[in-house]
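Listing of start01.cif, mmCIF, C-alpha atoms
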```cif
data_my_file
loop_
_atom_site.label_atom_id
_atom_site.label_comp_id
_atom_site.auth_asym_id
_atom_site.auth_seq_id
_atom_site.Cartn_x
_atom_site.Cartn_y
_atom_site.Cartn_z
CA MET A 947 40.13 -48.99 -138.52
CA ASN A 948 36.98 -47.12 -137.40
CA LEU A 949 35.25 -44.32 -139.26
CA PHE A 950 36.65 -41.62 -136.93
CA SER A 951 40.26 -42.70 -137.53
CA PHE A 952 39.68 -42.89 -141.28
CA SER A 953 38.23 -39.40 -141.25
CA ARG A 954 41.20 -37.97 -139.29
CA LYS A 955 43.62 -39.74 -141.66
CA GLY A 956 41.88 -38.25 -144.68
CA LYS A 957 41.99 -34.78 -143.17
CA ALA A 958 45.69 -35.15 -142.36
CA GLU A 959 46.44 -36.19 -145.94
CA LYS A 960 44.41 -33.23 -147.19
CA ARG A 961 46.37 -30.88 -144.94
CA SER A 962 49.66 -32.29 -146.24
CA LEU A 963 48.50 -31.83 -149.84
CA ASP A 964 47.38 -28.27 -149.10
CA ALA A 965 50.73 -27.53 -147.47
CA ILE A 966 52.58 -28.83 -150.53
CA ASN A 967 50.37 -26.79 -152.84
CA SER A 968 50.81 -23.65 -150.77
CA THR A 969 54.58 -24.17 -150.65
CA THR A 970 54.72 -24.71 -154.39
CA THR A 971 52.59 -21.64 -154.95
CA GLY A 972 54.85 -19.61 -152.69
CA LYS A 973 57.92 -20.75 -154.62
CA ALA A 974 56.26 -19.80 -157.88
CA ILE A 975 55.44 -16.36 -156.56
CA ASN A 976 58.92 -15.81 -155.10
CA ALA A 977 60.81 -17.42 -157.98
CA ARG A 978 62.71 -14.17 -158.54
CA LEU A 979 64.16 -14.17 -155.05
CA PRO A 980 67.42 -16.06 -154.45
CA ASN A 981 67.67 -18.82 -151.90
CA LEU A 982 68.96 -17.40 -148.64
CA PRO A 983 71.87 -19.14 -146.92
CA SER A 984 71.34 -20.37 -143.40
CA GLN A 985 72.86 -18.70 -140.37
CA PRO A 986 75.62 -18.34 -139.31
CA ILE A 987 77.83 -17.71 -142.35
CA ASP A 988 81.50 -18.73 -142.34
CA VAL A 989 83.73 -16.53 -144.50
CA TYR A 990 86.83 -18.38 -145.63
CA SER A 991 87.16 -17.56 -149.33
CA ALA A 992 87.94 -14.34 -151.18
CA ASN A 993 84.69 -14.56 -153.13
CA SER A 994 82.54 -14.45 -149.99
CA ALA A 995 84.73 -11.84 -148.29
CA MET A 996 84.62 -9.44 -151.25
CA GLN A 997 80.81 -9.40 -151.02
CA LEU A 998 81.17 -7.32 -147.85
CA ALA A 999 81.26 -3.61 -148.62
CA ALA A 1000 84.02 -2.82 -146.12
CA VAL A 1001 86.31 -5.60 -147.42
CA TYR A 1002 85.73 -4.56 -151.03
CA ARG A 1003 86.57 -0.95 -150.23
CA CYS A 1004 89.68 -1.80 -148.18
CA VAL A 1005 91.06 -4.12 -150.86
CA SER A 1006 90.18 -1.58 -153.54
CA ILE A 1007 91.86 1.34 -151.78
CA LEU A 1008 95.01 -0.69 -151.03
CA SER A 1009 95.45 -2.18 -154.50
CA GLY A 1010 94.34 0.92 -156.39
CA THR A 1011 96.54 3.34 -154.46
CA ILE A 1012 99.68 1.22 -154.79
CA ALA A 1013 99.03 0.49 -158.48
CA SER A 1014 98.59 4.21 -159.21
CA LEU A 1015 102.14 4.95 -158.04
CA PRO A 1016 104.71 4.74 -160.87
CA LEU A 1017 107.27 1.98 -160.30
CA GLN A 1018 110.47 3.26 -161.93
CA ILE A 1019 113.98 2.08 -162.64
CA LYS A 1020 116.59 4.67 -161.63
CA ARG A 1021 120.31 5.04 -162.31
CA LYS A 1022 122.78 6.77 -160.02
CA GLN A 1023 124.45 9.82 -161.50
CA ASP A 1024 126.14 12.83 -159.90
CA GLY A 1025 125.42 11.39 -156.44
CA TYR A 1026 121.66 10.89 -156.80
CA PHE A 1027 119.29 8.46 -158.50
CA ALA A 1028 117.49 9.71 -161.63
CA VAL A 1029 114.89 7.91 -163.74
CA ASP A 1030 116.58 5.89 -166.49
CA GLU A 1031 114.16 5.96 -169.40
CA LYS A 1032 116.61 4.14 -171.69
CA ASN A 1033 116.78 1.04 -169.53
CA GLU A 1034 114.91 -2.02 -170.86
CA LEU A 1035 113.09 -2.36 -167.52
CA TYR A 1036 111.59 1.12 -167.79
CA GLY A 1037 108.92 0.15 -170.32
CA ILE A 1038 108.21 -3.13 -168.54
CA LEU A 1039 107.67 -1.45 -165.15
CA THR A 1040 105.83 1.67 -166.27
CA ARG A 1041 103.95 0.64 -169.40
CA ARG A 1042 103.41 -3.00 -170.35
CA PRO A 1043 104.91 -5.87 -168.34
CA ASN A 1044 103.33 -8.56 -170.55
CA ASN A 1045 101.05 -8.91 -173.56
CA ARG A 1046 97.91 -9.30 -171.42
CA GLN A 1047 98.23 -6.62 -168.75
CA ASN A 1048 99.44 -3.09 -168.37
CA SER A 1049 101.53 -2.03 -165.40
CA PHE A 1050 98.52 -0.82 -163.37
CA ASP A 1051 96.57 -4.06 -163.80
CA MET A 1052 99.53 -6.25 -162.88
CA ILE A 1053 100.37 -4.41 -159.65
CA GLN A 1054 96.74 -4.02 -158.66
CA ASN A 1055 95.92 -7.71 -159.07
CA ALA A 1056 99.18 -8.71 -157.41
CA ILE A 1057 98.18 -6.75 -154.30
CA ILE A 1058 94.68 -8.29 -154.39
CA GLN A 1059 96.18 -11.78 -154.54
CA MET A 1060 98.65 -11.00 -151.78
CA VAL A 1061 95.96 -9.69 -149.42
CA ASN A 1062 93.16 -12.16 -150.19
CA SER A 1063 95.21 -15.29 -150.93
CA GLY A 1064 98.32 -14.60 -148.88
CA ASN A 1065 100.79 -14.82 -151.78
CA ALA A 1066 101.28 -13.31 -155.23
CA TYR A 1067 103.73 -14.82 -157.73
CA ILE A 1068 105.18 -12.88 -160.68
CA PHE A 1069 107.13 -14.93 -163.20
CA ILE A 1070 110.20 -13.25 -164.68
CA ARG A 1071 110.41 -14.06 -168.38
CA THR A 1072 113.88 -13.66 -169.90
CA SER A 1073 115.25 -13.59 -173.42
CA PHE A 1074 118.99 -14.04 -174.03
CA GLY A 1075 119.67 -13.24 -170.39
CA ASP A 1076 117.64 -10.00 -170.32
CA VAL A 1077 114.23 -9.49 -168.71
CA SER A 1078 111.56 -9.47 -171.42
CA GLY A 1079 108.39 -9.53 -169.34
CA LEU A 1080 106.72 -9.94 -165.96
CA ILE A 1081 103.72 -12.30 -165.77
CA LEU A 1082 101.39 -12.46 -162.77
CA CYS A 1083 100.54 -16.13 -162.25
CA SER A 1084 96.88 -17.02 -161.90
CA ASN A 1085 95.36 -18.06 -158.58
CA ASN A 1086 96.27 -21.48 -157.15
CA SER A 1087 98.74 -22.22 -159.94
CA VAL A 1088 101.98 -21.97 -157.93
CA ALA A 1089 103.32 -24.18 -155.14
CA TYR A 1090 106.38 -23.13 -153.15
CA ASP A 1091 108.71 -25.77 -151.73
CA LYS A 1092 110.35 -24.28 -148.64
CA ILE A 1093 112.86 -27.11 -148.37
CA SER A 1094 114.38 -26.79 -151.86
CA ASN A 1095 113.49 -23.09 -152.30
CA ARG A 1096 111.88 -23.78 -155.67
CA TYR A 1097 108.56 -22.91 -157.25
CA VAL A 1098 106.38 -25.40 -159.12
CA ILE A 1099 104.07 -23.65 -161.59
CA SER A 1100 101.18 -25.13 -163.53
CA ASP A 1101 99.49 -22.09 -165.07
CA ALA A 1102 97.41 -23.05 -168.10
CA ILE A 1103 96.13 -19.49 -168.57
CA ASN A 1104 99.58 -17.94 -168.99
CA HIS A 1105 101.13 -21.10 -170.50
CA ILE A 1106 103.75 -21.49 -167.78
CA SER A 1107 104.67 -24.92 -166.49
CA GLY A 1108 107.68 -26.37 -164.71
CA THR A 1109 109.95 -26.02 -161.70
CA PHE A 1110 111.78 -22.72 -161.31
CA GLU A 1111 114.48 -21.33 -159.06
CA ALA A 1112 113.70 -18.62 -156.53
CA ASP A 1113 115.47 -15.93 -158.59
CA GLN A 1114 112.97 -16.47 -161.40
CA ILE A 1115 109.89 -15.64 -159.29
CA ILE A 1116 108.95 -12.37 -157.61
CA HIS A 1117 107.15 -13.54 -154.47
CA LEU A 1118 104.98 -11.00 -152.61
CA ARG A 1119 103.87 -12.29 -149.21
CA ASN A 1120 101.19 -11.17 -146.80
CA LYS A 1121 101.78 -11.39 -143.04
CA SER A 1122 103.48 -14.74 -142.42
CA LEU A 1123 103.41 -17.27 -139.61
CA ASP A 1124 106.26 -19.53 -140.73
CA GLY A 1125 109.14 -17.09 -140.62
CA GLY A 1126 108.43 -15.26 -143.86
CA TYR A 1127 108.48 -18.13 -146.34
CA THR A 1128 104.78 -18.08 -147.25
CA GLY A 1129 102.09 -15.53 -146.50
CA VAL A 1130 98.68 -16.00 -144.90
CA SER A 1131 95.64 -14.19 -146.27
CA THR A 1132 94.01 -11.42 -144.27
CA ILE A 1133 90.73 -13.31 -144.63
CA THR A 1134 92.16 -16.14 -142.52
CA TYR A 1135 93.18 -13.74 -139.76
CA ALA A 1136 89.85 -11.86 -139.87
CA HIS A 1137 87.64 -14.94 -140.30
CA ARG A 1138 85.63 -14.36 -137.12
CA VAL A 1139 85.02 -10.65 -137.79
CA LEU A 1140 84.12 -11.29 -141.44
CA SER A 1141 81.72 -14.08 -140.48
CA ILE A 1142 79.94 -11.77 -138.02
CA ALA A 1143 79.63 -9.06 -140.65
CA ALA A 1144 78.39 -11.53 -143.29
CA SER A 1145 75.83 -13.00 -140.88
CA ALA A 1146 74.55 -9.51 -140.07
CA ASP A 1147 74.21 -8.74 -143.80
CA ASN A 1148 72.40 -12.01 -144.35
CA GLN A 1149 70.03 -11.24 -141.48
CA ASN A 1150 69.26 -7.88 -143.08
CA LEU A 1151 68.62 -9.63 -146.38
CA GLN A 1152 66.23 -12.09 -144.79
CA THR A 1153 64.42 -9.30 -142.94
CA PHE A 1154 63.92 -6.99 -145.90
CA GLN A 1155 63.47 -9.66 -148.55
CA ASN A 1156 60.53 -11.09 -146.63
CA GLY A 1157 59.12 -7.62 -146.14
CA THR A 1158 59.90 -7.70 -142.40
CA LYS A 1159 57.19 -10.31 -141.96
CA VAL A 1160 56.17 -11.17 -138.41
CA LYS A 1161 56.57 -14.76 -137.27
CA ALA A 1162 54.40 -15.93 -134.39
CA LEU A 1163 52.55 -18.80 -132.72
CA LEU A 1164 48.80 -19.07 -132.09
CA TYR A 1165 47.92 -21.24 -129.13
CA GLY A 1166 45.06 -21.76 -126.75
CA ALA A 1167 44.68 -19.19 -124.02
CA SER A 1168 43.98 -21.81 -121.36
CA GLY A 1169 47.33 -23.48 -121.90
CA GLY A 1170 46.00 -26.62 -120.23
CA MET A 1171 46.15 -30.24 -121.19
CA ALA A 1172 44.31 -31.60 -124.17
CA GLY A 1173 40.68 -32.34 -123.47
CA LEU A 1174 37.19 -31.79 -124.72
CA ASP A 1175 37.48 -28.01 -124.36
CA ALA A 1176 40.98 -27.73 -125.92
CA LEU A 1177 41.44 -26.20 -129.36
CA ASP A 1178 43.08 -28.53 -131.83
CA TYR A 1179 44.97 -27.92 -135.10
CA GLU A 1180 41.77 -28.12 -137.13
CA GLN A 1181 40.40 -25.07 -135.35
CA THR A 1182 43.53 -22.90 -134.99
CA SER A 1183 44.92 -23.46 -138.50
CA PRO A 1184 42.28 -21.36 -140.32
CA VAL A 1185 42.80 -18.55 -137.83
CA ALA A 1186 46.56 -18.65 -138.40
CA ASP A 1187 46.06 -18.51 -142.16
CA ARG A 1188 43.74 -15.52 -141.79
CA VAL A 1189 46.18 -13.67 -139.51
CA GLU A 1190 49.07 -14.32 -141.90
CA SER A 1191 47.14 -13.08 -144.92
CA GLN A 1192 46.08 -9.92 -143.11
CA LEU A 1193 49.67 -9.25 -141.98
CA ASN A 1194 50.88 -9.69 -145.55
CA SER A 1195 48.22 -7.29 -146.78
CA GLY A 1196 49.63 -4.56 -144.55
CA LYS A 1197 46.90 -4.51 -141.94
CA ASP A 1198 48.11 -3.34 -138.53
CA ILE A 1199 45.21 -4.33 -136.23
CA ILE A 1200 43.92 -7.90 -136.40
CA ALA A 1201 41.17 -9.44 -134.29
CA ILE A 1202 41.47 -12.98 -132.98
CA SER A 1203 39.37 -15.01 -130.60
CA GLU A 1204 39.90 -14.53 -126.90
CA ASP A 1205 40.55 -18.27 -126.68
CA LEU A 1206 43.77 -17.82 -128.67
CA LYS A 1207 47.04 -16.07 -127.83
CA PHE A 1208 49.48 -14.48 -130.31
CA GLN A 1209 53.15 -15.07 -129.42
CA GLN A 1210 55.65 -13.26 -131.67
CA LEU A 1211 58.80 -15.22 -132.56
CA SER A 1212 60.70 -12.89 -134.89
CA ILE A 1213 63.02 -10.14 -133.64
CA ASN A 1214 63.08 -6.78 -135.34
CA PRO A 1215 66.42 -5.30 -136.48
CA VAL A 1216 66.45 -2.77 -133.64
CA ASP A 1217 66.13 -5.48 -131.00
CA ALA A 1218 68.84 -7.54 -132.66
CA GLU A 1219 71.11 -4.41 -132.77
CA LEU A 1220 72.07 -5.20 -136.35
CA LEU A 1221 72.94 -1.60 -137.09
CA GLU A 1222 75.42 -1.41 -134.21
CA THR A 1223 76.89 -4.77 -135.18
CA LYS A 1224 77.39 -3.64 -138.78
CA LYS A 1225 78.96 -0.38 -137.60
CA PHE A 1226 81.57 -2.00 -135.40
CA SER A 1227 82.21 -4.75 -137.96
CA VAL A 1228 83.34 -2.08 -140.43
CA LEU A 1229 85.82 -0.69 -137.90
CA ASP A 1230 87.20 -4.16 -137.15
CA ILE A 1231 87.60 -4.91 -140.85
CA CYS A 1232 89.44 -1.62 -141.34
CA ARG A 1233 91.79 -2.57 -138.50
CA PHE A 1234 92.69 -5.86 -140.15
CA TYR A 1235 93.38 -4.24 -143.52
CA GLY A 1236 95.08 -1.18 -142.04
CA VAL A 1237 92.79 1.26 -143.83
CA HIS A 1238 91.54 4.36 -142.04
CA PRO A 1239 87.73 4.33 -141.55
CA ASP A 1240 87.50 7.63 -143.45
CA LYS A 1241 88.65 5.86 -146.61
CA ALA A 1242 86.05 3.13 -146.09
CA PHE A 1243 83.29 5.76 -145.76
CA ALA A 1244 82.58 4.69 -142.19
CA GLY A 1245 81.04 8.07 -141.41
CA GLN A 1246 83.34 9.00 -138.55
CA ALA A 1247 83.05 12.53 -137.18
CA THR A 1248 86.09 14.39 -138.46
CA ASN A 1249 87.41 17.69 -139.78
CA TYR A 1250 89.85 18.78 -142.46
CA LYS A 1251 92.92 18.51 -140.23
CA ALA A 1252 91.92 15.04 -139.03
CA SER A 1253 91.41 13.91 -142.63
CA GLU A 1254 94.83 15.25 -143.58
CA MET A 1255 96.49 13.43 -140.70
CA SER A 1256 94.62 10.23 -141.60
CA GLN A 1257 96.21 10.46 -145.06
CA VAL A 1258 99.67 10.79 -143.50
CA SER A 1259 98.95 7.87 -141.17
CA PHE A 1260 97.73 5.77 -144.09
CA LEU A 1261 100.95 6.46 -145.96
CA THR A 1262 103.39 5.83 -143.11
CA ASP A 1263 101.63 2.99 -141.28
CA THR A 1264 99.90 1.06 -144.08
CA LEU A 1265 101.36 1.82 -147.49
CA GLN A 1266 105.01 2.35 -146.64
CA PRO A 1267 105.68 -1.22 -145.38
CA ILE A 1268 103.97 -2.72 -148.45
CA LEU A 1269 105.81 -0.40 -150.83
CA LYS A 1270 109.17 -1.21 -149.24
CA GLN A 1271 108.43 -4.93 -149.51
CA ILE A 1272 107.62 -4.62 -153.22
CA GLU A 1273 110.68 -2.47 -153.88
CA ALA A 1274 112.96 -4.86 -152.01
CA GLU A 1275 111.63 -7.91 -153.89
CA PHE A 1276 111.85 -6.23 -157.31
CA ASN A 1277 115.38 -4.98 -156.63
CA ALA A 1278 116.53 -8.38 -155.39
CA LYS A 1279 115.11 -10.30 -158.36
CA LEU A 1280 115.50 -7.86 -161.28
CA ILE A 1281 118.80 -6.07 -160.59
CA PRO A 1282 122.02 -8.14 -160.55
CA ASP A 1283 124.28 -7.82 -157.53
CA SER A 1284 127.09 -6.46 -159.71
CA VAL A 1285 125.15 -3.26 -160.47
CA ALA A 1286 123.02 -3.05 -157.32
CA ALA A 1287 124.84 0.13 -156.24
CA ILE A 1288 124.12 1.84 -159.57
CA TYR A 1289 120.49 0.90 -160.23
CA GLN A 1290 117.42 0.81 -158.04
CA ILE A 1291 113.67 0.27 -158.48
CA SER A 1292 111.39 2.49 -156.41
CA PHE A 1293 107.93 4.04 -156.36
CA ASP A 1294 107.32 7.69 -157.15
CA LEU A 1295 105.44 8.90 -154.06
CA SER A 1296 104.70 12.39 -155.31
CA ALA A 1297 101.18 11.37 -156.34
CA LEU A 1298 100.32 10.65 -152.69
CA TYR A 1299 101.01 14.21 -151.62
CA GLN A 1300 98.37 15.85 -153.80
CA THR A 1301 96.43 18.43 -151.80
CA ASP A 1302 94.49 21.67 -152.33
CA LEU A 1303 95.83 24.35 -154.68
CA THR A 1304 96.75 26.80 -151.92
CA THR A 1305 98.92 24.25 -150.13
CA GLN A 1306 100.51 23.17 -153.42
CA ALA A 1307 101.35 26.78 -154.29
CA ALA A 1308 103.02 27.30 -150.90
CA TYR A 1309 104.98 24.05 -151.38
CA TRP A 1310 106.28 25.01 -154.85
CA LYS A 1311 107.13 28.51 -153.63
CA ALA A 1312 109.17 27.19 -150.70
CA LEU A 1313 111.17 24.85 -152.94
CA HIS A 1314 111.73 27.61 -155.49
CA GLU A 1315 113.00 30.07 -152.87
CA LEU A 1316 115.37 27.46 -151.45
CA GLY A 1317 116.85 26.81 -154.87
CA VAL A 1318 115.70 23.20 -154.89
CA LEU A 1319 113.61 23.58 -158.05
CA THR A 1320 113.86 26.06 -160.90
CA THR A 1321 110.92 27.80 -162.50
CA ASN A 1322 110.95 25.37 -165.41
CA ASP A 1323 111.13 22.39 -163.04
CA ILE A 1324 107.90 23.53 -161.42
CA ARG A 1325 106.29 24.23 -164.79
CA HIS A 1326 107.21 20.77 -166.08
CA LYS A 1327 105.68 19.09 -163.01
CA ASN A 1328 102.45 20.97 -163.71
CA GLY A 1329 102.36 20.10 -167.39
CA LEU A 1330 103.53 23.48 -168.67
CA PRO A 1331 106.26 24.21 -171.26
CA SER A 1332 109.59 25.83 -170.45
CA ILE A 1333 110.10 29.55 -170.53
CA GLU A 1334 113.22 31.58 -171.32
CA GLY A 1335 115.40 32.10 -168.26
CA GLY A 1336 113.46 29.54 -166.24
CA ASP A 1337 116.38 27.16 -165.80
CA VAL A 1338 118.25 29.44 -163.37
CA ALA A 1339 118.08 28.36 -159.73
CA MET A 1340 116.82 31.16 -157.50
CA ILE A 1341 117.31 31.62 -153.76
CA SER A 1342 115.81 34.03 -151.26
CA CYS A 1343 118.15 36.75 -149.88
CA ASN A 1344 116.26 37.39 -146.67
CA VAL A 1345 118.61 35.26 -144.57
CA ALA A 1346 122.33 35.45 -143.79
CA PRO A 1347 124.89 33.69 -141.57
CA ILE A 1348 124.57 34.65 -137.90
CA ASN A 1349 128.13 36.03 -137.73
CA SER A 1350 128.11 37.77 -141.12
CA ALA A 1351 128.77 41.45 -141.73
CA LYS A 1352 125.14 41.93 -142.78
CA ILE A 1353 123.92 40.90 -139.33
CA ARG A 1354 126.50 43.15 -137.59
CA GLY A 1355 125.31 46.12 -139.62
CA GLU A 1356 128.54 46.58 -141.55
CA LYS A 1357 128.65 47.57 -145.16
CA VAL A 1358 128.66 44.61 -147.47
CA GLU A 1359 130.48 44.85 -150.76
CA LEU A 1360 129.14 42.66 -153.51
CA PRO A 1361 131.72 40.79 -155.62
CA LYS A 1362 132.42 42.49 -158.91
CA GLU A 1363 131.65 40.61 -162.05
CA LYS A 1364 134.62 39.68 -164.19
#
```
Rewrite the structure of this file - the entire thing - as structure tokens.
Amino acid sequence: MNLFSFSRKGKAEKRSLDAINSTTTGKAINARLPNLPSQPIDVYSANSAMQLAAVYRCVSILSGTIASLPLQIKRKQDGYFAVDEKNELYGILTRRPNNRQNSFDMIQNAIIQMVNSGNAYIFIRTSFGDVSGLILCSNNSVAYDKISNRYVISDAINHISGTFEADQIIHLRNKSLDGGYTGVSTITYAHRVLSIAASADNQNLQTFQNGTKVKALLYGASGGMAGLDALDYEQTSPVADRVESQLNSGKDIIAISEDLKFQQLSINPVDAELLETKKFSVLDICRFYGVHPDKAFAGQATNYKASEMSQVSFLTDTLQPILKQIEAEFNAKLIPDSVAAIYQISFDLSALYQTDLTTQAAYWKALHELGVLTTNDIRHKNGLPSIEGGDVAMISCNVAPINSAKIRGEKVELPKEK
């Protein structure tokens, strides 16, 4: 080995050592920053999907809205169904289904499991033949055998283990592909859209975490083959270090030798159209979850009437099918066939129709004038006590049958009181 080769080898080793030191130093400086995942990002799990703002909001609005509706047991009397507060299921459905959760938490987490995992399983605990509690099984603790129509549960958290018949499990399914036996999570259907949105978020994180640093190449202006006049690594490396340090310091104008060219490699967020990608990703996510963009704060141009109609659309197109599914499953599993015509379990939808005070006043007035509700009925629904004489049904006298004497202009005699 000649002296020239030994010298080049020593310089190469020195460069490697300097690179290691600089990398170590950089890690020490940026120790607070998390390691960024590589691109692209595949979203398959609920944990990664819920990190997206649009997914979190859609799941939150679905589960929270459904859980806020009272699920009540009703008994048929005088031709209509009225809430049966004396039934043993009333306290389980409206107050405390088990010793760990209240009714809101159980329904909310059941909807979250159904949407994100595809299936939610509620174990029906009985005591002496009567329902004593409803327990939402933990994630990945239940296996359903379609052939035997049985459920195998191994839930260490809720202390449930064994094989159970179908009537002992309330099974809430997401959209199915096998004929309705098991559900498939929305994340599986929306995998491509969620991966695009997650990759765009990760690109934003990389851009802003690095301070939108510019990445570039410095190379010889001649662009020719290596020769005596060509610039080698030994000469361009110090210039690259100087340019990088000046860019990091915030300097906008940097001077380099005319023998070198600066070729930018990084793409700014505007060129990559990240903002447009994120905008349309939110709309696609809302389509998969069936949530109107207004409820996901997508910033759509709208007015009061459009917002009101979006609420109606959300109720009829998104919530109503899920509510009917839950009601049908609860009725089938909790109410025996012998009394199915007398009892029913249903949601109280009155909370969904809350609007401004003027509209509410017109609504109560119309029902009062039609004799549907008495004065005390309206007061009770607004949290007010009864008043004397408020239990009498009232009806407006401004209308009459089309062939009545009042319409023909004849004198009408009122019936005399006995």
Q. What is the distance between CA of Val1098 in chain A and CA of Ser1131 in chain A, in Å to one decimal?
A.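 Between CA of Val1098 in chain A and CA of Ser1131 in chain A the gap works out to 20.2 Å.
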Test item: the PyMOL selection byres ((chain A and resi 989) around 8) resolved as a list of chain:residue names: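 That selection, the PyMOL selection byres ((chain A and resi 989) around 8), comes back as A:Ile987, A:Asp988, A:Tyr990, A:Ser991, A:Ser994, A:Ala995, A:Ile1133, A:His1137, A:Arg1138, A:Leu1140, A:Ser1141, A:Ala1144.
CA of Gly1010 in chain A lies 17.7 Å from CA of Leu998 in chain A.
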query = What would the list of residues within 12 Å of (107.7, -6.1, -152.8) (file frame) look like as a PyMOL selection string, if all atoms listed in the file are what count?
reply = chain A and resi 1012+1017+1053+1056-1057+1060+1065-1068+1115-1120+1265-1280+1291-1293
Could you write out as JSON the box around range 1315-1333 of chain A (axis-aligned, all atoms listed in the file, 4 Å on each side), with centre and edge lengths in Å to one decimal?
```
{"center_x": 109.6, "center_y": 24.6, "center_z": -161.4, "size_x": 22.5, "size_y": 19.0, "size_z": 27.8}
```
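Atom pair CA of Arg1003 in chain A / CA of Ala1242 in chain A: separated by 5.8 Å.
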Residues within 12 Å of Asn1048 in chain A, only C-alpha atoms, excluding chain neighbours under 4 positions, as a list in words:
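Skipping anything fewer than 4 positions along the chain leaves Ala1013, Ser1014, Gly1037, Ile1038, Leu1039, Thr1040, Arg1041, Arg1042, Pro1043, Asn1044, Met1052, Ile1053, Gln1054, Asn1055, Gly1079, Leu1080, Ile1081 and Leu1082 of chain A.
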- Item | Result set of the PyMOL selection byres ((chain A and resi 1327-1332) around 12) on the coordinates above, as a ChimeraX atom specification | /A:1296-1297,1300,1303,1306-1307,1310,1319-1326,1333-1338
Select all residues near (93.3, 2.4, -144.7) (cut-off 10 Å, inclusive, file coordinates), counting only C-alpha atoms, and output them as a list in words.
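Protein and nucleic acid residues near the point are Arg1003, Cys1004, Val1005, Ile1007, Leu1008, Cys1232, Arg1233, Phe1234, Tyr1235, Gly1236, Val1237, His1238, Pro1239, Asp1240, Lys1241, Ala1242, Ser1256, Gln1257, Ser1259, Phe1260, Leu1261, Asp1263, Thr1264 and Leu1265 of chain A.
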Requested write-out: C-alpha atoms of the selected residues, as a PDB file, keeping the file's coordinate frame:
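As written to disk, selection_7.pdb reads:
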```pdb
ATOM      1  CA  ARG A1003      86.570  -0.950-150.230  1.00  0.00           C
ATOM      2  CA  CYS A1004      89.680  -1.800-148.180  1.00  0.00           C
ATOM      3  CA  VAL A1005      91.060  -4.120-150.860  1.00  0.00           C
ATOM      4  CA  ILE A1007      91.860   1.340-151.780  1.00  0.00           C
ATOM      5  CA  LEU A1008      95.010  -0.690-151.030  1.00  0.00           C
ATOM      6  CA  CYS A1232      89.440  -1.620-141.340  1.00  0.00           C
ATOM      7  CA  ARG A1233      91.790  -2.570-138.500  1.00  0.00           C
ATOM      8  CA  PHE A1234      92.690  -5.860-140.150  1.00  0.00           C
ATOM      9  CA  TYR A1235      93.380  -4.240-143.520  1.00  0.00           C
ATOM     10  CA  GLY A1236      95.080  -1.180-142.040  1.00  0.00           C
ATOM     11  CA  VAL A1237      92.790   1.260-143.830  1.00  0.00           C
ATOM     12  CA  HIS A1238      91.540   4.360-142.040  1.00  0.00           C
ATOM     13  CA  PRO A1239      87.730   4.330-141.550  1.00  0.00           C
ATOM     14  CA  ASP A1240      87.500   7.630-143.450  1.00  0.00           C
ATOM     15  CA  LYS A1241      88.650   5.860-146.610  1.00  0.00           C
ATOM     16  CA  ALA A1242      86.050   3.130-146.090  1.00  0.00           C
ATOM     17  CA  SER A1256      94.620  10.230-141.600  1.00  0.00           C
ATOM     18  CA  GLN A1257      96.210  10.460-145.060  1.00  0.00           C
ATOM     19  CA  SER A1259      98.950   7.870-141.170  1.00  0.00           C
ATOM     20  CA  PHE A1260      97.730   5.770-144.090  1.00  0.00           C
ATOM     21  CA  LEU A1261     100.950   6.460-145.960  1.00  0.00           C
ATOM     22  CA  ASP A1263     101.630   2.990-141.280  1.00  0.00           C
ATOM     23  CA  THR A1264      99.900   1.060-144.080  1.00  0.00           C
ATOM     24  CA  LEU A1265     101.360   1.820-147.490  1.00  0.00           C
TER      25      LEU A1265
END
```
- [ ] Run the PyMOL selection byres ((chain A and resi 1099) around 10) against the file shown and list the residues it catches, as a list in words.
- [x] Tyr1067, Phe1069, Cys1083, Ser1084, Asn1086, Ser1087, Val1088, Ala1089, Tyr1090, Arg1096, Tyr1097, Val1098, Ser1100, Asp1101, Ala1102, His1105, Ile1106, Ser1107, Gly1108, Thr1109 and Phe1110 of chain A
ask   = Hey, what's within 12 Å of Ser1122 in chain A if we count all atoms listed in the file and toss same-chain stuff fewer than 6 positions away? As a ChimeraX atom specification, please?
value = /A:1060-1061,1063-1065,1128-1132,1134-1135
